[in-house]
$ cat upload-v1.pdb   # PDB, C-alpha atoms and all ligand atoms
MODEL        1
ATOM      1  CA  MET A   1       9.803  27.313 -55.238  1.00  0.00           C
ATOM      2  CA  LYS A   2       9.421  23.571 -54.989  1.00  0.00           C
ATOM      3  CA  GLU A   3      12.857  23.278 -53.455  1.00  0.00           C
ATOM      4  CA  ILE A   4      11.949  25.734 -50.714  1.00  0.00           C
ATOM      5  CA  MET A   5       8.801  23.764 -49.863  1.00  0.00           C
ATOM      6  CA  LYS A   6      10.876  20.606 -49.663  1.00  0.00           C
ATOM      7  CA  GLU A   7      13.331  22.291 -47.339  1.00  0.00           C
ATOM      8  CA  ILE A   8      10.534  23.565 -45.093  1.00  0.00           C
ATOM      9  CA  MET A   9       8.916  20.111 -44.965  1.00  0.00           C
ATOM     10  CA  LYS A  10      12.264  18.555 -44.095  1.00  0.00           C
ATOM     11  CA  GLU A  11      12.759  21.064 -41.314  1.00  0.00           C
ATOM     12  CA  ILE A  12       9.255  20.427 -39.938  1.00  0.00           C
ATOM     13  CA  MET A  13       9.817  16.665 -40.000  1.00  0.00           C
ATOM     14  CA  LYS A  14      13.154  17.091 -38.263  1.00  0.00           C
ATOM     15  CA  ARG A  15      11.647  19.203 -35.502  1.00  0.00           C
ATOM     16  CA  PHE A  16       8.746  16.796 -35.142  1.00  0.00           C
ATOM     17  CA  ALA A  17      11.127  13.870 -34.768  1.00  0.00           C
ATOM     18  CA  THR A  18      13.254  15.758 -32.242  1.00  0.00           C
ATOM     19  CA  GLY A  19      10.101  16.688 -30.316  1.00  0.00           C
ATOM     20  CA  LEU A  20       9.072  13.046 -30.107  1.00  0.00           C
ATOM     21  CA  THR A  21      12.504  12.020 -28.924  1.00  0.00           C
ATOM     22  CA  THR A  22      12.427  14.685 -26.234  1.00  0.00           C
ATOM     23  CA  LEU A  23       9.005  13.491 -25.147  1.00  0.00           C
ATOM     24  CA  SER A  24       9.942   9.836 -24.874  1.00  0.00           C
ATOM     25  CA  PHE A  25      13.148  10.789 -23.112  1.00  0.00           C
ATOM     26  CA  ALA A  26      11.153  12.820 -20.588  1.00  0.00           C
ATOM     27  CA  ALA A  27       8.755   9.896 -20.127  1.00  0.00           C
ATOM     28  CA  ALA A  28      11.653   7.513 -19.536  1.00  0.00           C
ATOM     29  CA  LEU A  29      13.042   9.866 -16.913  1.00  0.00           C
ATOM     30  CA  ALA A  30       9.690  10.415 -15.219  1.00  0.00           C
ATOM     31  CA  ALA A  31       8.662   6.746 -15.029  1.00  0.00           C
ATOM     32  CA  PRO A  32      11.331   5.460 -12.658  1.00  0.00           C
ATOM     33  CA  ALA A  33      11.015   8.623 -10.578  1.00  0.00           C
ATOM     34  CA  LEU A  34       7.338   7.859 -10.027  1.00  0.00           C
ATOM     35  CA  SER A  35       7.717   4.151  -9.318  1.00  0.00           C
ATOM     36  CA  TYR A  36      10.725   4.432  -7.105  1.00  0.00           C
ATOM     37  CA  ALA A  37      10.154   7.751  -5.400  1.00  0.00           C
ATOM     38  CA  ASN A  38      11.017   6.074  -2.091  1.00  0.00           C
ATOM     39  CA  GLY A  39      14.492   5.232  -3.352  1.00  0.00           C
ATOM     40  CA  HIS A  40      14.114   1.461  -3.169  1.00  0.00           C
ATOM     41  CA  GLU A  41      14.405  -0.680  -6.231  1.00  0.00           C
ATOM     42  CA  LYS A  42      11.893  -3.368  -5.352  1.00  0.00           C
ATOM     43  CA  ALA A  43       8.228  -2.893  -6.162  1.00  0.00           C
ATOM     44  CA  PRO A  44       6.084  -2.376  -3.071  1.00  0.00           C
ATOM     45  CA  LEU A  45       4.365  -5.391  -1.616  1.00  0.00           C
ATOM     46  CA  GLU A  46       0.642  -4.738  -1.391  1.00  0.00           C
ATOM     47  CA  ILE A  47      -1.374  -6.761   1.065  1.00  0.00           C
ATOM     48  CA  LYS A  48      -5.044  -6.568   1.940  1.00  0.00           C
ATOM     49  CA  VAL A  49      -6.233  -7.497   5.403  1.00  0.00           C
ATOM     50  CA  ARG A  50      -9.907  -7.704   6.215  1.00  0.00           C
ATOM     51  CA  VAL A  51     -10.961  -6.500   9.634  1.00  0.00           C
ATOM     52  CA  SER A  52     -14.105  -7.687  11.353  1.00  0.00           C
ATOM     53  CA  GLU A  53     -15.513  -8.575  14.765  1.00  0.00           C
ATOM     54  CA  LYS A  54     -14.114 -12.055  14.133  1.00  0.00           C
ATOM     55  CA  GLY A  55     -10.538 -10.869  13.675  1.00  0.00           C
ATOM     56  CA  PHE A  56      -8.036 -10.271  10.890  1.00  0.00           C
ATOM     57  CA  PHE A  57      -8.423 -12.225   7.643  1.00  0.00           C
ATOM     58  CA  ASP A  58      -6.592 -12.483   4.362  1.00  0.00           C
ATOM     59  CA  GLU A  59      -8.274 -11.841   1.016  1.00  0.00           C
ATOM     60  CA  LYS A  60      -9.399 -15.450   0.770  1.00  0.00           C
ATOM     61  CA  GLY A  61     -11.057 -15.278   4.158  1.00  0.00           C
ATOM     62  CA  LYS A  62      -8.393 -17.234   6.062  1.00  0.00           C
ATOM     63  CA  PRO A  63      -7.841 -15.901   9.586  1.00  0.00           C
ATOM     64  CA  TYR A  64      -4.538 -14.524  10.870  1.00  0.00           C
ATOM     65  CA  GLY A  65      -3.433 -14.967  14.433  1.00  0.00           C
ATOM     66  CA  GLY A  66      -2.039 -17.692  16.628  1.00  0.00           C
ATOM     67  CA  LYS A  67       0.611 -19.317  14.500  1.00  0.00           C
ATOM     68  CA  ARG A  68      -0.488 -17.686  11.284  1.00  0.00           C
ATOM     69  CA  LEU A  69       1.701 -14.623  10.904  1.00  0.00           C
ATOM     70  CA  LEU A  70       2.007 -12.201   8.084  1.00  0.00           C
ATOM     71  CA  GLN A  71       5.531 -12.481   6.714  1.00  0.00           C
ATOM     72  CA  VAL A  72       7.146  -9.687   4.736  1.00  0.00           C
ATOM     73  CA  PRO A  73      10.572  -9.681   3.073  1.00  0.00           C
ATOM     74  CA  LYS A  74      13.218  -7.354   4.505  1.00  0.00           C
ATOM     75  CA  ASP A  75      13.930  -4.058   2.734  1.00  0.00           C
ATOM     76  CA  THR A  76      10.623  -4.116   0.900  1.00  0.00           C
ATOM     77  CA  MET A  77       8.082  -1.317   0.953  1.00  0.00           C
ATOM     78  CA  VAL A  78       5.031  -2.924   2.461  1.00  0.00           C
ATOM     79  CA  LYS A  79       1.586  -1.465   1.943  1.00  0.00           C
ATOM     80  CA  ILE A  80      -1.066  -3.053   4.072  1.00  0.00           C
ATOM     81  CA  THR A  81      -4.587  -2.012   3.263  1.00  0.00           C
ATOM     82  CA  PHE A  82      -6.997  -2.754   6.069  1.00  0.00           C
ATOM     83  CA  VAL A  83     -10.498  -3.322   4.789  1.00  0.00           C
ATOM     84  CA  PHE A  84     -13.686  -3.012   6.803  1.00  0.00           C
ATOM     85  CA  GLY A  85     -15.053  -6.527   6.497  1.00  0.00           C
ATOM     86  CA  GLU A  86     -18.155  -6.769   8.659  1.00  0.00           C
ATOM     87  CA  ASP A  87     -21.076  -8.827   7.395  1.00  0.00           C
ATOM     88  CA  LEU A  88     -24.138  -6.874   6.349  1.00  0.00           C
ATOM     89  CA  THR A  89     -26.207  -8.990   8.716  1.00  0.00           C
ATOM     90  CA  SER A  90     -23.955  -8.413  11.726  1.00  0.00           C
ATOM     91  CA  LEU A  91     -24.557  -5.911  14.512  1.00  0.00           C
ATOM     92  CA  ALA A  92     -20.913  -4.964  14.073  1.00  0.00           C
ATOM     93  CA  MET A  93     -21.835  -3.497  10.687  1.00  0.00           C
ATOM     94  CA  GLY A  94     -22.424  -0.217  12.515  1.00  0.00           C
ATOM     95  CA  ASP A  95     -19.089  -0.456  14.276  1.00  0.00           C
ATOM     96  CA  THR A  96     -15.829   1.405  13.698  1.00  0.00           C
ATOM     97  CA  HIS A  97     -12.314  -0.026  13.812  1.00  0.00           C
ATOM     98  CA  GLN A  98      -9.014   1.774  13.732  1.00  0.00           C
ATOM     99  CA  ILE A  99      -5.825  -0.194  13.347  1.00  0.00           C
ATOM    100  CA  THR A 100      -2.370   0.651  14.650  1.00  0.00           C
ATOM    101  CA  VAL A 101       0.710  -1.072  13.282  1.00  0.00           C
ATOM    102  CA  ARG A 102       3.441  -0.910  15.887  1.00  0.00           C
ATOM    103  CA  ALA A 103       7.076  -2.069  16.001  1.00  0.00           C
ATOM    104  CA  GLU A 104       9.039  -3.121  19.105  1.00  0.00           C
ATOM    105  CA  ASP A 105      10.839   0.210  19.246  1.00  0.00           C
ATOM    106  CA  GLY A 106       7.604   2.159  19.503  1.00  0.00           C
ATOM    107  CA  TRP A 107       7.352   3.226  15.870  1.00  0.00           C
ATOM    108  CA  LYS A 108       3.734   3.113  14.812  1.00  0.00           C
ATOM    109  CA  GLN A 109       1.313   4.094  12.152  1.00  0.00           C
ATOM    110  CA  GLU A 110      -2.467   4.264  12.333  1.00  0.00           C
ATOM    111  CA  THR A 111      -5.179   3.760   9.767  1.00  0.00           C
ATOM    112  CA  SER A 112      -8.024   6.209   9.523  1.00  0.00           C
ATOM    113  CA  PRO A 113     -11.217   4.996  11.248  1.00  0.00           C
ATOM    114  CA  LEU A 114     -12.667   2.110   9.258  1.00  0.00           C
ATOM    115  CA  TRP A 115     -16.411   1.874   9.010  1.00  0.00           C
ATOM    116  CA  MET A 116     -19.225   1.569   6.503  1.00  0.00           C
ATOM    117  CA  MET A 117     -18.461   4.916   4.882  1.00  0.00           C
ATOM    118  CA  ASN A 118     -14.669   4.559   4.940  1.00  0.00           C
ATOM    119  CA  ARG A 119     -13.936   0.960   4.183  1.00  0.00           C
ATOM    120  CA  GLU A 120     -10.223   1.034   3.392  1.00  0.00           C
ATOM    121  CA  SER A 121      -7.088   2.605   4.801  1.00  0.00           C
ATOM    122  CA  THR A 122      -3.462   1.844   4.015  1.00  0.00           C
ATOM    123  CA  VAL A 123      -0.396   1.778   6.237  1.00  0.00           C
ATOM    124  CA  SER A 124       3.025   1.628   4.584  1.00  0.00           C
ATOM    125  CA  PHE A 125       6.508   1.065   5.895  1.00  0.00           C
ATOM    126  CA  LEU A 126       9.892  -0.227   4.868  1.00  0.00           C
ATOM    127  CA  ALA A 127      10.147  -3.731   6.315  1.00  0.00           C
ATOM    128  CA  GLY A 128      13.150  -4.059   8.592  1.00  0.00           C
ATOM    129  CA  GLU A 129      13.952  -0.338   8.672  1.00  0.00           C
ATOM    130  CA  LYS A 130      16.069   0.622  11.702  1.00  0.00           C
ATOM    131  CA  GLY A 131      16.293  -3.025  12.697  1.00  0.00           C
ATOM    132  CA  ARG A 132      12.559  -3.499  13.160  1.00  0.00           C
ATOM    133  CA  MET A 133      11.938  -7.188  12.703  1.00  0.00           C
ATOM    134  CA  GLN A 134       8.415  -7.502  14.021  1.00  0.00           C
ATOM    135  CA  TYR A 135       5.300  -5.419  13.961  1.00  0.00           C
ATOM    136  CA  ARG A 136       1.970  -5.939  15.607  1.00  0.00           C
ATOM    137  CA  ALA A 137      -1.367  -4.690  14.333  1.00  0.00           C
ATOM    138  CA  TYR A 138      -4.339  -4.201  16.615  1.00  0.00           C
ATOM    139  CA  CYS A 139      -7.538  -2.227  16.889  1.00  0.00           C
ATOM    140  CA  ILE A 140      -7.357   0.818  19.147  1.00  0.00           C
ATOM    141  CA  LEU A 141     -11.095   1.426  19.450  1.00  0.00           C
ATOM    142  CA  GLU A 142     -13.549  -0.290  21.720  1.00  0.00           C
ATOM    143  CA  CYS A 143     -15.504  -2.386  19.306  1.00  0.00           C
ATOM    144  CA  ILE A 144     -17.505  -5.549  19.085  1.00  0.00           C
ATOM    145  CA  GLY A 145     -14.983  -8.355  18.814  1.00  0.00           C
ATOM    146  CA  MET A 146     -12.035  -6.271  19.980  1.00  0.00           C
ATOM    147  CA  GLU A 147     -10.631  -9.342  21.744  1.00  0.00           C
ATOM    148  CA  HIS A 148     -10.087 -10.807  18.258  1.00  0.00           C
ATOM    149  CA  LEU A 149      -8.344  -7.727  16.953  1.00  0.00           C
ATOM    150  CA  THR A 150      -5.382  -7.561  19.307  1.00  0.00           C
ATOM    151  CA  ASN A 151      -2.669  -9.458  17.585  1.00  0.00           C
ATOM    152  CA  LEU A 152      -1.877  -9.534  13.922  1.00  0.00           C
ATOM    153  CA  LEU A 153       1.841 -10.279  13.909  1.00  0.00           C
ATOM    154  CA  ILE A 154       3.892  -9.055  10.982  1.00  0.00           C
ATOM    155  CA  GLN A 155       7.287 -10.679  10.812  1.00  0.00           C
ATOM    156  CA  VAL A 156      10.188  -9.476   8.693  1.00  0.00           C
ATOM    157  CA  VAL A 157      11.946 -12.396   7.017  1.00  0.00           C
TER     158      VAL A 157
HETATM  159 CU    CU B 201     -12.094  -2.641  16.300  1.00  0.00          CU
ENDMDL
END

$ encode --input "upload-v1.pdb" --output "structure tokens"
Amino acid sequence: MKEIMKEIMKEIMKRFATGLTTLSFAAALAAPALSYANGHEKAPLEIKVRVSEKGFFDEKGKPYGGKRLLQVPKDTMVKITFVFGEDLTSLAMGDTHQITVRAEDGWKQETSPLWMMNRESTVSFLAGEKGRMQYRAYCILECIGMEHLTNLLIQVV
């Protein structure tokens, strides 16, 4: 009787161990599939850009524009999250922005409208895809400060 119990326990332990192995194997298979679903080995580059009546700013509050471009490495998935960045005290707080990112060949992607109730929207693209070496981001709505939201240059390096 004791021997039978031992055998059963052994069998249970064996199955348990096999089950665990199967699980971790499945997890190992699933993980890269999730991270690299786009088929590119590099991790995506995530950038936040604040949008306000004063223009485009980085996370530290430094303005883009003029000679200050946004540079992104070639063949990298770039995710730019545009963030509604109006001051609470500004009239523009009630404003709405909507940003288009456009390449020289006409490819473009738009954010959703950015305003108080929808403060973030992300645009993603593969930098340098189809020979695109430069992108330009600008607001497509008539807004306060639209003259400052015409030219965020994104350069592929
Ligand atoms: Cu705008």

$ atom_distance --input "upload-v1.pdb" --atom1 "atom CA of Phe56 of chain A" --atom2 "atom CA of Tyr138 of chain A"
9.1 Å

$ resolve_selection --input "upload-v1.pdb" --expression "the PyMOL selection byres (((not hetatm)) within 9 of (chain B and resi 201))" --output "NGL selection string"
:A and (51-53 or 55 or 95-99 or 114 or 138-150)

$ resolve_selection --input "upload-v1.pdb" --expression "the PyMOL selection byres (((chain A and resi 105) around 12) and not hetatm)" --output "PyMOL selection string"
chain A and resi 101-104+106-108+128-136

$ resolve_selection --input "upload-v1.pdb" --expression "the PyMOL selection byres (((chain A and resi 85) around 9) and not hetatm)" --output "VMD selection string"
chain A and resid 49 to 53 57 82 to 84 86 to 87 93 115 119

$ atom_distance --input "upload-v1.pdb" --atom1 "atom CA of Leu153 of chain A" --atom2 "atom CA of Thr100 of chain A"
11.7 Å

$ residues_around --input "upload-v1.pdb" --residues "Lys48 of chain A" --least-positions-apart "4" --cutoff "10 Å" --atoms "only C-alpha atoms" --output "list in words"
Phe57, Asp58, Glu59, Lys60, Lys79, Ile80, Thr81, Phe82, Val83, Glu120, Ser121 and Thr122 of chain A

$ closest_residue --input "upload-v1.pdb" --among "A:Leu152, A:Met117, A:Leu45, A:Val157" --to "Gly66 of chain A" --atoms "all atoms listed in the file"
A:Leu152

$ atom_distance --input "upload-v1.pdb" --atom1 "atom CA of Ser90 of chain A" --atom2 "atom CA of Ser112 of chain A"
21.7 Å

$ closest_residue --input "upload-v1.pdb" --among "A:Gln109, A:Ala137, A:Val156, A:Gly61" --to "Ser124 of chain A" --atoms "all atoms listed in the file"
A:Gln109

$ axis_aligned_box --input "upload-v1.pdb" --around "segment 83-90 of chain A" --padding-each-side "6 Å" --output "lines of an AutoDock Vina configuration file"
center_x = -18.4
center_y = -6.0
center_z = 8.3
size_x = 27.7
size_y = 18.0
size_z = 18.9
